[in-house]
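Heads up, query.cif below (mmCIF, C-alpha atoms):
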```cif
data_my_file
loop_
_atom_site.label_atom_id
_atom_site.label_comp_id
_atom_site.auth_asym_id
_atom_site.auth_seq_id
_atom_site.Cartn_x
_atom_site.Cartn_y
_atom_site.Cartn_z
CA MET A 1 -31.46 -7.50 68.38
CA ALA A 2 -29.52 -8.51 65.28
CA SER A 3 -25.88 -7.63 65.29
CA GLN A 4 -24.44 -5.38 62.62
CA PRO A 5 -23.72 -7.26 59.40
CA ILE A 6 -20.13 -7.54 58.23
CA LEU A 7 -19.14 -7.20 54.61
CA LEU A 8 -15.90 -8.83 53.52
CA ASP A 9 -14.82 -6.99 50.42
CA TYR A 10 -11.98 -5.66 48.29
CA TRP A 11 -12.11 -2.05 47.14
CA PRO A 12 -11.97 -2.31 43.33
CA SER A 13 -14.24 -5.34 43.16
CA ILE A 14 -17.29 -4.80 40.98
CA PHE A 15 -19.07 -7.55 42.83
CA GLY A 16 -18.18 -6.10 46.21
CA MET A 17 -19.55 -2.75 45.08
CA ARG A 18 -22.92 -4.36 44.36
CA ALA A 19 -23.17 -5.51 47.94
CA ARG A 20 -22.21 -2.03 49.19
CA VAL A 21 -24.84 -0.33 47.01
CA ALA A 22 -27.49 -2.79 48.18
CA LEU A 23 -26.78 -2.26 51.86
CA ARG A 24 -26.67 1.51 51.48
CA GLU A 25 -29.95 1.56 49.51
CA LYS A 26 -31.56 -0.14 52.49
CA GLY A 27 -29.91 2.20 54.94
CA VAL A 28 -28.27 -0.72 56.74
CA GLU A 29 -25.25 0.09 58.89
CA PHE A 30 -22.55 -2.45 58.25
CA GLU A 31 -19.02 -3.17 59.26
CA TYR A 32 -16.69 -3.10 56.32
CA LYS A 33 -13.72 -5.44 56.37
CA VAL A 34 -11.27 -5.06 53.56
CA GLY A 35 -9.76 -8.27 52.38
CA ASP A 36 -6.48 -8.75 50.63
CA LEU A 37 -7.04 -11.17 47.78
CA THR A 38 -3.40 -12.14 47.64
CA ASN A 39 -3.37 -13.07 51.29
CA LYS A 40 -6.79 -14.36 52.22
CA SER A 41 -7.81 -13.99 55.81
CA PRO A 42 -8.93 -16.94 57.95
CA LEU A 43 -12.35 -15.28 58.25
CA LEU A 44 -12.78 -15.25 54.47
CA LEU A 45 -11.61 -18.82 54.05
CA GLN A 46 -13.93 -19.96 56.80
CA SER A 47 -16.95 -18.01 55.48
CA ASN A 48 -16.56 -18.96 51.86
CA PRO A 49 -14.64 -22.22 51.83
CA ILE A 50 -15.84 -23.24 48.39
CA HIS A 51 -14.93 -20.25 46.28
CA LYS A 52 -12.72 -18.35 48.72
CA LYS A 53 -13.95 -15.12 47.17
CA ILE A 54 -15.41 -11.79 48.22
CA PRO A 55 -17.94 -10.37 48.69
CA VAL A 56 -19.24 -12.29 51.67
CA LEU A 57 -21.95 -10.81 53.83
CA ILE A 58 -22.01 -12.17 57.36
CA HIS A 59 -25.34 -11.58 59.08
CA ASN A 60 -26.31 -13.09 62.42
CA GLY A 61 -23.20 -15.21 62.18
CA LYS A 62 -24.20 -16.75 58.85
CA PRO A 63 -22.27 -16.11 55.62
CA VAL A 64 -23.93 -15.29 52.28
CA CYS A 65 -21.68 -15.51 49.23
CA GLU A 66 -21.92 -14.43 45.58
CA SER A 67 -22.84 -10.83 44.89
CA LEU A 68 -26.26 -11.44 43.31
CA ASN A 69 -27.16 -13.74 46.19
CA VAL A 70 -26.13 -11.00 48.59
CA VAL A 71 -28.30 -8.45 46.76
CA HIS A 72 -31.32 -10.79 46.88
CA TYR A 73 -30.66 -11.63 50.52
CA VAL A 74 -30.38 -7.95 51.50
CA ASP A 75 -33.66 -7.24 49.70
CA GLU A 76 -35.41 -10.09 51.53
CA ALA A 77 -33.89 -9.55 54.96
CA TRP A 78 -34.73 -5.82 54.98
CA PRO A 79 -37.98 -5.79 53.03
CA ASP A 80 -39.39 -2.54 54.36
CA LYS A 81 -37.28 -0.02 52.50
CA ASN A 82 -36.51 0.53 48.80
CA PRO A 83 -37.37 -2.87 47.34
CA PHE A 84 -34.93 -3.81 44.59
CA PHE A 85 -37.22 -6.11 42.70
CA PRO A 86 -40.75 -5.77 41.37
CA SER A 87 -43.41 -7.53 43.41
CA ASP A 88 -44.96 -9.45 40.53
CA PRO A 89 -43.45 -12.81 39.57
CA TYR A 90 -42.94 -11.93 35.92
CA GLY A 91 -41.21 -8.66 36.79
CA ARG A 92 -38.95 -10.57 39.17
CA ALA A 93 -38.14 -13.25 36.60
CA HIS A 94 -37.35 -10.52 34.10
CA ALA A 95 -35.01 -8.92 36.62
CA ARG A 96 -33.24 -12.19 37.41
CA PHE A 97 -32.80 -12.94 33.73
CA TRP A 98 -31.04 -9.61 33.11
CA ASP A 99 -28.93 -9.88 36.24
CA ASP A 100 -27.84 -13.29 35.00
CA PHE A 101 -27.06 -11.83 31.57
CA VAL A 102 -24.93 -9.11 33.13
CA ASP A 103 -23.08 -11.63 35.21
CA LYS A 104 -22.39 -14.00 32.36
CA LYS A 105 -21.97 -12.03 29.12
CA PHE A 106 -20.97 -8.63 30.34
CA SER A 107 -18.67 -9.90 33.04
CA GLU A 108 -16.78 -12.28 30.77
CA ALA A 109 -16.39 -9.67 28.07
CA GLN A 110 -15.11 -6.96 30.37
CA PHE A 111 -12.55 -9.33 31.84
CA LYS A 112 -11.11 -9.99 28.39
CA ILE A 113 -10.66 -6.27 27.84
CA TRP A 114 -8.46 -5.57 30.82
CA GLY A 115 -7.20 -9.08 31.52
CA LYS A 116 -6.15 -10.27 28.07
CA LYS A 117 -4.24 -9.09 25.03
CA GLY A 118 -4.34 -9.44 21.26
CA GLU A 119 -7.06 -11.53 19.67
CA GLU A 120 -8.75 -12.40 22.95
CA GLN A 121 -8.90 -8.75 23.91
CA GLU A 122 -10.42 -7.82 20.54
CA GLU A 123 -12.96 -10.58 21.02
CA GLY A 124 -13.71 -9.16 24.45
CA LYS A 125 -14.27 -5.71 23.00
CA LYS A 126 -16.68 -7.09 20.41
CA GLU A 127 -18.62 -9.07 23.01
CA PHE A 128 -18.66 -6.06 25.33
CA ILE A 129 -20.10 -3.77 22.68
CA GLU A 130 -22.68 -6.42 21.73
CA ALA A 131 -23.68 -6.84 25.36
CA VAL A 132 -23.88 -3.07 25.79
CA LYS A 133 -26.16 -2.81 22.75
CA ILE A 134 -28.45 -5.51 24.10
CA LEU A 135 -28.57 -3.77 27.47
CA GLU A 136 -29.23 -0.40 25.86
CA SER A 137 -32.16 -1.83 23.97
CA GLU A 138 -33.47 -3.33 27.22
CA LEU A 139 -33.11 0.04 28.96
CA GLY A 140 -34.96 1.82 26.15
CA ASP A 141 -36.23 5.20 27.24
CA LYS A 142 -36.69 4.33 30.89
CA PRO A 143 -34.69 6.28 33.48
CA TYR A 144 -33.58 3.05 35.16
CA PHE A 145 -33.70 -0.60 34.12
CA GLY A 146 -36.46 -1.16 36.63
CA GLY A 147 -38.55 1.75 35.36
CA ASP A 148 -38.88 4.85 37.47
CA SER A 149 -36.86 3.70 40.41
CA PHE A 150 -33.39 2.30 40.87
CA GLY A 151 -33.42 -1.42 41.36
CA TYR A 152 -32.28 -4.67 39.90
CA VAL A 153 -29.92 -4.70 36.95
CA ASP A 154 -29.08 -1.15 37.87
CA SER A 155 -26.50 -3.00 39.96
CA LEU A 156 -24.75 -3.18 36.60
CA ILE A 157 -23.69 0.35 37.53
CA THR A 158 -20.84 -1.06 39.53
CA PHE A 159 -19.13 -1.94 36.27
CA TYR A 160 -19.21 1.78 35.44
CA SER A 161 -16.36 2.44 37.81
CA TRP A 162 -14.28 0.28 35.52
CA PHE A 163 -15.39 1.93 32.26
CA GLN A 164 -12.40 4.27 32.24
CA ALA A 165 -10.14 1.24 32.64
CA TYR A 166 -11.83 -0.61 29.79
CA GLU A 167 -11.53 2.42 27.55
CA LYS A 168 -7.85 2.75 28.34
CA PHE A 169 -6.98 -0.94 27.92
CA GLY A 170 -9.25 -1.53 24.99
CA ASN A 171 -8.59 1.78 23.37
CA PHE A 172 -12.18 2.63 22.55
CA SER A 173 -14.88 5.01 23.64
CA ILE A 174 -17.91 3.53 25.34
CA GLU A 175 -19.86 6.78 25.22
CA ALA A 176 -19.53 6.96 21.45
CA LYS A 177 -21.06 3.51 21.09
CA SER A 178 -23.79 3.81 23.68
CA PRO A 179 -24.75 7.28 24.81
CA LYS A 180 -27.97 6.09 26.48
CA LEU A 181 -26.10 3.74 28.76
CA ILE A 182 -23.69 6.47 29.79
CA ALA A 183 -26.62 8.80 30.47
CA TRP A 184 -28.15 6.09 32.67
CA ALA A 185 -24.85 5.59 34.46
CA LYS A 186 -24.53 9.29 35.25
CA ARG A 187 -28.09 9.25 36.58
CA CYS A 188 -27.23 6.35 38.92
CA MET A 189 -24.09 8.09 40.12
CA GLU A 190 -26.26 10.95 41.41
CA LYS A 191 -27.61 8.59 44.05
CA GLU A 192 -25.63 8.76 47.25
CA SER A 193 -25.80 5.01 47.84
CA VAL A 194 -24.10 4.50 44.50
CA SER A 195 -21.51 7.26 44.48
CA LYS A 196 -20.42 6.36 48.00
CA SER A 197 -20.03 2.71 47.11
CA LEU A 198 -18.23 2.90 43.82
CA SER A 199 -14.49 3.06 43.87
CA ASP A 200 -12.78 5.96 42.22
CA SER A 201 -12.25 5.31 38.50
CA GLU A 202 -8.85 6.99 38.51
CA LYS A 203 -7.61 4.65 41.22
CA ILE A 204 -8.79 1.62 39.24
CA VAL A 205 -7.00 2.67 36.07
CA ALA A 206 -3.84 3.07 38.09
CA MET B 1 -58.61 -21.98 40.25
CA ALA B 2 -57.96 -24.27 37.32
CA GLU B 3 -55.37 -23.10 34.82
CA ARG B 4 -56.29 -23.72 31.21
CA SER B 5 -53.45 -25.80 29.90
CA GLU B 6 -52.88 -23.59 26.89
CA GLU B 7 -51.99 -20.69 29.19
CA VAL B 8 -48.78 -22.43 30.19
CA LYS B 9 -46.46 -23.60 27.46
CA LEU B 10 -43.00 -25.07 27.77
CA LEU B 11 -40.58 -25.06 24.87
CA GLY B 12 -38.20 -27.85 25.75
CA MET B 13 -36.30 -30.89 24.66
CA TRP B 14 -36.94 -34.37 26.01
CA ALA B 15 -33.29 -35.25 26.72
CA SER B 16 -32.25 -31.92 28.22
CA PRO B 17 -31.71 -31.79 32.00
CA PHE B 18 -32.59 -28.09 31.99
CA SER B 19 -35.90 -28.71 30.25
CA ARG B 20 -36.76 -31.64 32.57
CA ARG B 21 -36.20 -29.41 35.62
CA ILE B 22 -39.10 -27.26 34.53
CA GLU B 23 -41.34 -30.28 34.00
CA ILE B 24 -40.52 -31.49 37.51
CA ALA B 25 -41.38 -28.11 39.02
CA LEU B 26 -44.65 -27.75 37.11
CA THR B 27 -45.62 -31.30 38.11
CA ILE B 28 -44.84 -30.64 41.80
CA LYS B 29 -47.16 -27.64 41.59
CA GLY B 30 -49.86 -29.57 39.74
CA VAL B 31 -49.83 -27.11 36.83
CA SER B 32 -50.99 -28.38 33.44
CA TYR B 33 -48.93 -27.25 30.53
CA GLU B 34 -48.51 -27.71 26.83
CA PHE B 35 -45.11 -29.13 25.90
CA SER B 36 -43.53 -28.08 22.63
CA GLU B 37 -40.62 -30.34 21.67
CA GLN B 38 -37.89 -28.27 20.04
CA ASP B 39 -35.19 -29.37 17.61
CA ILE B 40 -32.09 -27.73 19.02
CA THR B 41 -30.07 -28.45 15.89
CA ASN B 42 -32.58 -26.51 13.81
CA LYS B 43 -34.07 -23.82 16.00
CA SER B 44 -37.62 -22.81 15.33
CA ALA B 45 -38.68 -19.26 14.58
CA LEU B 46 -40.80 -19.40 17.73
CA LEU B 47 -37.82 -20.23 19.93
CA LEU B 48 -35.70 -17.48 18.39
CA GLN B 49 -38.53 -15.02 18.88
CA LEU B 50 -39.14 -15.99 22.52
CA ASN B 51 -35.49 -16.18 23.57
CA PRO B 52 -33.61 -13.86 21.24
CA VAL B 53 -30.81 -13.26 23.74
CA HIS B 54 -29.66 -16.85 24.36
CA LYS B 55 -31.67 -18.76 21.72
CA MET B 56 -31.93 -21.79 24.06
CA ILE B 57 -34.48 -24.03 25.67
CA PRO B 58 -36.17 -24.24 28.07
CA VAL B 59 -38.50 -21.28 27.66
CA LEU B 60 -41.66 -21.08 29.71
CA VAL B 61 -44.51 -19.05 28.27
CA HIS B 62 -47.17 -17.95 30.73
CA HIS B 63 -49.99 -15.57 29.81
CA VAL B 64 -48.13 -15.05 26.53
CA LYS B 65 -44.97 -13.82 28.30
CA PRO B 66 -41.72 -15.77 27.88
CA ILE B 67 -39.23 -16.59 30.64
CA SER B 68 -35.82 -18.16 29.95
CA GLU B 69 -32.93 -19.67 31.92
CA SER B 70 -33.91 -22.73 33.91
CA LEU B 71 -33.11 -21.41 37.39
CA VAL B 72 -34.93 -18.14 36.65
CA ILE B 73 -37.94 -20.17 35.45
CA LEU B 74 -37.90 -22.33 38.61
CA GLU B 75 -38.04 -19.21 40.80
CA TYR B 76 -40.84 -17.81 38.65
CA ILE B 77 -42.84 -21.02 39.05
CA ASP B 78 -42.35 -20.94 42.82
CA ASP B 79 -43.38 -17.26 42.95
CA THR B 80 -46.47 -17.78 40.81
CA TRP B 81 -47.89 -21.03 42.21
CA GLN B 82 -47.48 -20.95 45.95
CA ASN B 83 -48.55 -24.49 46.84
CA ASN B 84 -45.78 -27.04 47.57
CA PRO B 85 -42.97 -24.48 47.84
CA ILE B 86 -39.72 -25.35 46.13
CA LEU B 87 -37.54 -22.68 47.76
CA PRO B 88 -37.23 -22.19 51.54
CA GLN B 89 -39.01 -19.19 53.08
CA ASP B 90 -36.12 -18.04 55.24
CA PRO B 91 -33.87 -15.52 53.37
CA TYR B 92 -30.66 -17.21 54.48
CA GLU B 93 -31.81 -20.72 53.54
CA LYS B 94 -33.02 -19.32 50.22
CA ALA B 95 -29.61 -17.74 49.59
CA MET B 96 -27.97 -21.09 50.30
CA ALA B 97 -30.33 -22.93 47.92
CA ARG B 98 -29.53 -20.45 45.16
CA PHE B 99 -25.83 -20.79 45.89
CA TRP B 100 -25.90 -24.59 45.54
CA ALA B 101 -27.98 -24.53 42.37
CA LYS B 102 -25.53 -22.12 40.76
CA PHE B 103 -22.65 -24.25 41.98
CA ILE B 104 -24.16 -27.26 40.24
CA ASP B 105 -24.70 -25.40 36.96
CA GLU B 106 -21.54 -23.34 36.83
CA GLN B 107 -19.01 -25.63 38.47
CA ILE B 108 -20.12 -29.26 38.52
CA CYS B 109 -21.79 -29.29 35.11
CA VAL B 110 -18.76 -27.69 33.48
CA ALA B 111 -16.30 -30.00 35.24
CA ALA B 112 -18.33 -33.11 34.35
CA MET B 113 -18.59 -32.13 30.68
CA ASN B 114 -14.84 -31.74 30.70
CA VAL B 115 -14.47 -35.49 31.32
CA VAL B 116 -16.18 -36.48 28.08
CA GLY B 117 -13.93 -37.29 25.17
CA LYS B 118 -10.72 -37.16 27.20
CA THR B 119 -8.26 -39.97 27.65
CA GLY B 120 -5.44 -40.98 29.93
CA GLU B 121 -4.02 -38.45 32.37
CA GLU B 122 -6.26 -35.65 31.15
CA LYS B 123 -9.30 -37.79 31.84
CA ASP B 124 -8.06 -38.67 35.33
CA ALA B 125 -7.50 -35.03 36.16
CA ALA B 126 -10.97 -34.07 34.89
CA VAL B 127 -12.54 -36.85 36.98
CA GLU B 128 -10.64 -35.73 40.10
CA ALA B 129 -11.73 -32.15 39.57
CA THR B 130 -15.37 -33.19 39.29
CA ARG B 131 -15.15 -35.38 42.38
CA ASP B 132 -13.62 -32.55 44.43
CA LEU B 133 -16.66 -30.43 43.66
CA LEU B 134 -19.13 -33.25 44.29
CA LYS B 135 -17.66 -33.75 47.76
CA PHE B 136 -19.24 -30.45 48.83
CA LEU B 137 -22.65 -31.75 47.80
CA GLU B 138 -21.99 -35.07 49.53
CA LYS B 139 -21.49 -33.20 52.80
CA GLU B 140 -24.70 -31.23 52.29
CA LEU B 141 -26.77 -34.42 52.17
CA VAL B 142 -25.69 -35.87 55.51
CA GLY B 143 -28.75 -36.45 57.69
CA LYS B 144 -31.20 -35.38 54.97
CA ASP B 145 -33.49 -37.27 52.61
CA PHE B 146 -33.15 -34.57 49.99
CA PHE B 147 -31.17 -31.33 49.66
CA GLY B 148 -34.48 -29.66 50.46
CA GLY B 149 -34.82 -31.66 53.69
CA LYS B 150 -37.83 -33.93 53.93
CA ASN B 151 -39.14 -32.94 50.52
CA LEU B 152 -37.75 -32.24 47.07
CA GLY B 153 -36.60 -28.67 46.70
CA PHE B 154 -34.85 -26.24 44.42
CA VAL B 155 -31.42 -27.81 44.79
CA ASP B 156 -32.76 -31.35 44.25
CA ILE B 157 -34.40 -30.24 41.03
CA ALA B 158 -31.16 -28.64 39.83
CA ALA B 159 -29.16 -31.68 40.95
CA THR B 160 -31.18 -34.12 38.84
CA LEU B 161 -28.51 -33.19 36.32
CA ILE B 162 -26.10 -35.21 38.42
CA ALA B 163 -28.43 -38.15 39.19
CA PHE B 164 -29.84 -38.73 35.72
CA TRP B 165 -27.31 -37.30 33.36
CA LEU B 166 -23.87 -37.46 34.94
CA MET B 167 -24.41 -40.74 36.76
CA ARG B 168 -26.42 -42.44 34.03
CA THR B 169 -23.74 -41.87 31.44
CA GLU B 170 -20.86 -43.26 33.47
CA GLU B 171 -20.82 -46.48 31.47
CA ILE B 172 -20.78 -44.66 28.15
CA VAL B 173 -18.04 -42.31 29.26
CA GLY B 174 -16.11 -45.26 30.68
CA VAL B 175 -15.45 -44.09 34.22
CA LYS B 176 -17.38 -44.17 37.47
CA VAL B 177 -17.14 -40.49 38.31
CA VAL B 178 -19.47 -40.94 41.30
CA PRO B 179 -18.62 -44.31 42.90
CA VAL B 180 -20.70 -45.35 45.88
CA GLU B 181 -17.57 -45.89 48.04
CA ILE B 182 -16.72 -42.19 47.86
CA PHE B 183 -20.27 -40.83 47.59
CA PRO B 184 -22.63 -42.97 49.70
CA GLU B 185 -24.88 -39.99 50.52
CA ILE B 186 -25.36 -39.08 46.88
CA HIS B 187 -26.24 -42.67 46.05
CA ARG B 188 -28.74 -42.77 48.90
CA TRP B 189 -30.24 -39.52 47.62
CA VAL B 190 -30.60 -40.95 44.10
CA LYS B 191 -32.55 -43.90 45.57
CA ASN B 192 -34.84 -41.40 47.32
CA LEU B 193 -35.36 -39.58 44.03
CA LEU B 194 -36.23 -42.78 42.21
CA ALA B 195 -38.89 -43.57 44.81
CA ASN B 196 -40.54 -40.19 44.24
CA ASP B 197 -43.59 -40.15 41.96
CA VAL B 198 -42.89 -36.77 40.37
CA ILE B 199 -39.33 -37.76 39.50
CA LYS B 200 -40.42 -41.11 38.11
CA LYS B 201 -42.86 -39.30 35.87
CA CYS B 202 -40.52 -36.57 34.70
CA ILE B 203 -37.15 -38.08 33.91
CA PRO B 204 -36.33 -39.38 30.43
CA PRO B 205 -36.73 -43.17 30.03
CA GLU B 206 -33.30 -44.70 30.61
CA ASP B 207 -32.83 -46.87 27.50
CA GLU B 208 -33.98 -44.25 25.08
CA HIS B 209 -31.87 -41.66 26.87
CA LEU B 210 -28.69 -43.71 26.68
CA ARG B 211 -29.26 -44.46 23.00
CA TYR B 212 -29.69 -40.77 22.31
CA ILE B 213 -26.47 -39.87 24.13
CA LYS B 214 -24.47 -42.55 22.31
CA ASP B 215 -25.82 -41.27 19.00
CA ARG B 216 -24.92 -37.70 19.84
CA MET B 217 -21.42 -38.64 20.81
CA VAL B 218 -20.95 -40.40 17.50
CA LYS B 219 -22.27 -37.36 15.65
CA LEU B 220 -19.88 -35.12 17.57
CA ASN B 221 -17.02 -37.52 16.86
CA ILE B 222 -16.49 -38.40 20.48
CA LYS B 223 -15.61 -42.03 21.08
CA PRO B 224 -17.80 -43.69 23.69
CA ALA B 225 -15.63 -45.80 25.98
#
```
File written out as structure tokens:
Amino acid sequence: MASQPILLDYWPSIFGMRARVALREKGVEFEYKVGDLTNKSPLLLQSNPIHKKIPVLIHNGKPVCESLNVVHYVDEAWPDKNPFFPSDPYGRAHARFWDDFVDKKFSEAQFKIWGKKGEEQEEGKKEFIEAVKILESELGDKPYFGGDSFGYVDSLITFYSWFQAYEKFGNFSIEAKSPKLIAWAKRCMEKESVSKSLSDSEKIVA
Amino acid sequence: MAERSEEVKLLGMWASPFSRRIEIALTIKGVSYEFSEQDITNKSALLLQLNPVHKMIPVLVHHVKPISESLVILEYIDDTWQNNPILPQDPYEKAMARFWAKFIDEQICVAAMNVVGKTGEEKDAAVEATRDLLKFLEKELVGKDFFGGKNLGFVDIAATLIAFWLMRTEEIVGVKVVPVEIFPEIHRWVKNLLANDVIKKCIPPEDEHLRYIKDRMVKLNIKPA
């Protein structure tokens, strides 16, 4: 009845990867359209006229933009399998808060590491390590951020594909600073939905 | 089932648009709450304990558990008290509501704040940038009483930032960022807001609000126009 959703994406994009993981977790078949960010297609510009960015999920002809929005939408549109969020309101609010934290603090910091030099880069490293510490303390001894099963905030895993790049540009070891987070990341990578969706770290560094 | 008012507590600040959003939502739902006015220049131990990550208001405390970040709190309120829904039911419409609310907070709010304290060409550029973003919202309102349709919704609550902070302070800042000639729909929407009982109850009183903003600008060494 519903046509196959289309995902407009770009292979190294952390945010695109989130959408891929979400769709695969739900077992949804989707058509993958690779965009070229330096030469944006008419479909992209038409689907996301405000930000002109990927990922965009087009479902039943309607575009959903912004990776966290896409994750929420996928969870709500295919509610029967692998829910990403807890069912209780507080659990959900908790999840949204951490997703928001990842998007704001973590995202900004990681950009400074590979996108900037000198003082700004050092600042980025500091913020990154701080954010990692806060996330580690939130993870605690749980196997996943959501508890026993993969879910919200675990979508942070998509940043993992860039860890090698951060380490190279920033000249520091993430594992040394936060072994628990790396252990969590390796656990997530064992899931097919994740390993299939994340782009190869080597390719990103290059 | 009546909620005891002490079960719901809001740590907020009377002049903050983010704090007022929560009051609007709780009032729409008919939830009684205890309001704890916070001094954001001298943060209380309670605030730092309840929001150690961002150390900001608003923080909603329900059954002893704290929730921070205004848009996260709004969704929590809608999830917890199901009467008078704030968000649409349909997943796509919900995604769009979330998109617009984020757009207001991350794009419009930032652009509008950029106008304050600037002069000359820089000011003009900042005003243009803000107007370009507002034009998207203008289009969204065509044919609707509110962003939420017939009733106030999630985006309306977020957008009170524009109606009662951005637009109210135009005189102080010295430029009509949102003139009625360019934004007739937004002006019509503001009139609809002002006719709404919940809004009338929950927005800061205008004179006091303007005095507060002028004072703050002086303290921050920004010249009011």
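Nearest-residue note for A:Trp98: choosing from B:His62, B:His54, B:Lys201, B:Lys219, the minimum distance belongs to B:His54, counting all atoms listed in the file.
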Q: Find the residues of chain B in contact range of chain A, meaning any atom within 12 Å when counting all atoms listed in the file, and list them as a PyMOL selection string.
A: chain B and resi 51-54+59-82+89-103+106-107+132-137
Take the residues that were just selected and, keeping C-alpha atoms, output them as a compact mmCIF listing (two decimals), in the coordinates of the input.
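Okay, part_35.txt is ready:
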```txt
# COMPACT_ATOMS: atom_id res chain seq x y z
CA ASN B 51 -35.49 -16.18 23.57
CA PRO B 52 -33.61 -13.86 21.24
CA VAL B 53 -30.81 -13.26 23.74
CA HIS B 54 -29.66 -16.85 24.36
CA VAL B 59 -38.50 -21.28 27.66
CA LEU B 60 -41.66 -21.08 29.71
CA VAL B 61 -44.51 -19.05 28.27
CA HIS B 62 -47.17 -17.95 30.73
CA HIS B 63 -49.99 -15.57 29.81
CA VAL B 64 -48.13 -15.05 26.53
CA LYS B 65 -44.97 -13.82 28.30
CA PRO B 66 -41.72 -15.77 27.88
CA ILE B 67 -39.23 -16.59 30.64
CA SER B 68 -35.82 -18.16 29.95
CA GLU B 69 -32.93 -19.67 31.92
CA SER B 70 -33.91 -22.73 33.91
CA LEU B 71 -33.11 -21.41 37.39
CA VAL B 72 -34.93 -18.14 36.65
CA ILE B 73 -37.94 -20.17 35.45
CA LEU B 74 -37.90 -22.33 38.61
CA GLU B 75 -38.04 -19.21 40.80
CA TYR B 76 -40.84 -17.81 38.65
CA ILE B 77 -42.84 -21.02 39.05
CA ASP B 78 -42.35 -20.94 42.82
CA ASP B 79 -43.38 -17.26 42.95
CA THR B 80 -46.47 -17.78 40.81
CA TRP B 81 -47.89 -21.03 42.21
CA GLN B 82 -47.48 -20.95 45.95
CA GLN B 89 -39.01 -19.19 53.08
CA ASP B 90 -36.12 -18.04 55.24
CA PRO B 91 -33.87 -15.52 53.37
CA TYR B 92 -30.66 -17.21 54.48
CA GLU B 93 -31.81 -20.72 53.54
CA LYS B 94 -33.02 -19.32 50.22
CA ALA B 95 -29.61 -17.74 49.59
CA MET B 96 -27.97 -21.09 50.30
CA ALA B 97 -30.33 -22.93 47.92
CA ARG B 98 -29.53 -20.45 45.16
CA PHE B 99 -25.83 -20.79 45.89
CA TRP B 100 -25.90 -24.59 45.54
CA ALA B 101 -27.98 -24.53 42.37
CA LYS B 102 -25.53 -22.12 40.76
CA PHE B 103 -22.65 -24.25 41.98
CA GLU B 106 -21.54 -23.34 36.83
CA GLN B 107 -19.01 -25.63 38.47
CA ASP B 132 -13.62 -32.55 44.43
CA LEU B 133 -16.66 -30.43 43.66
CA LEU B 134 -19.13 -33.25 44.29
CA LYS B 135 -17.66 -33.75 47.76
CA PHE B 136 -19.24 -30.45 48.83
CA LEU B 137 -22.65 -31.75 47.80
```
Q: Evaluate the PyMOL selection byres ((chain A and resi 116-126) around 12) and record the selected residues as an NGL selection string, following the chain and residue labels used in the document.
A: :A and (105-115 or 127-133 or 166-174 or 177)
Q) Neighbours of B:Val142 within 12 Å (all atoms listed in the file; same-chain residues fewer than 4 positions away dropped), as a list in words? A) Lys135, Phe136, Leu137, Glu138, Phe146, Phe147, Gly148, Gly149, Phe183, Pro184, Glu185, Ile186, His187, Arg188 and Trp189 of chain B
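The space between atom CA of B:Glu37 and atom CA of B:Val8 spans 14.2 Å.
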Q) How would you write, as a PyMOL selection string, the residues chosen by the PyMOL selection byres ((chain B and resi 193) around 12) on this structure? A) chain B and resi 24+145-148+150-153+156-157+159-160+162-164+186-192+194-203
So what does the PyMOL selection byres ((chain A and resi 184) around 12) actually pick up in this one, as an mmCIF file with C-alpha atoms, in the coordinates of the input?
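Here's the written file selection15.cif:
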```cif
data_model
loop_
_atom_site.group_PDB
_atom_site.id
_atom_site.type_symbol
_atom_site.label_atom_id
_atom_site.label_comp_id
_atom_site.auth_asym_id
_atom_site.auth_seq_id
_atom_site.Cartn_x
_atom_site.Cartn_y
_atom_site.Cartn_z
ATOM 1 C CA LEU A 135 -28.570 -3.770 27.470
ATOM 2 C CA GLU A 136 -29.230 -0.400 25.860
ATOM 3 C CA LEU A 139 -33.110 0.040 28.960
ATOM 4 C CA GLY A 140 -34.960 1.820 26.150
ATOM 5 C CA ASP A 141 -36.230 5.200 27.240
ATOM 6 C CA LYS A 142 -36.690 4.330 30.890
ATOM 7 C CA PRO A 143 -34.690 6.280 33.480
ATOM 8 C CA TYR A 144 -33.580 3.050 35.160
ATOM 9 C CA PHE A 145 -33.700 -0.600 34.120
ATOM 10 C CA GLY A 146 -36.460 -1.160 36.630
ATOM 11 C CA GLY A 147 -38.550 1.750 35.360
ATOM 12 C CA ASP A 148 -38.880 4.850 37.470
ATOM 13 C CA SER A 149 -36.860 3.700 40.410
ATOM 14 C CA PHE A 150 -33.390 2.300 40.870
ATOM 15 C CA VAL A 153 -29.920 -4.700 36.950
ATOM 16 C CA ASP A 154 -29.080 -1.150 37.870
ATOM 17 C CA SER A 155 -26.500 -3.000 39.960
ATOM 18 C CA LEU A 156 -24.750 -3.180 36.600
ATOM 19 C CA ILE A 157 -23.690 0.350 37.530
ATOM 20 C CA TYR A 160 -19.210 1.780 35.440
ATOM 21 C CA GLU A 175 -19.860 6.780 25.220
ATOM 22 C CA SER A 178 -23.790 3.810 23.680
ATOM 23 C CA PRO A 179 -24.750 7.280 24.810
ATOM 24 C CA LYS A 180 -27.970 6.090 26.480
ATOM 25 C CA LEU A 181 -26.100 3.740 28.760
ATOM 26 C CA ILE A 182 -23.690 6.470 29.790
ATOM 27 C CA ALA A 183 -26.620 8.800 30.470
ATOM 28 C CA ALA A 185 -24.850 5.590 34.460
ATOM 29 C CA LYS A 186 -24.530 9.290 35.250
ATOM 30 C CA ARG A 187 -28.090 9.250 36.580
ATOM 31 C CA CYS A 188 -27.230 6.350 38.920
ATOM 32 C CA MET A 189 -24.090 8.090 40.120
ATOM 33 C CA GLU A 190 -26.260 10.950 41.410
ATOM 34 C CA LYS A 191 -27.610 8.590 44.050
#
```
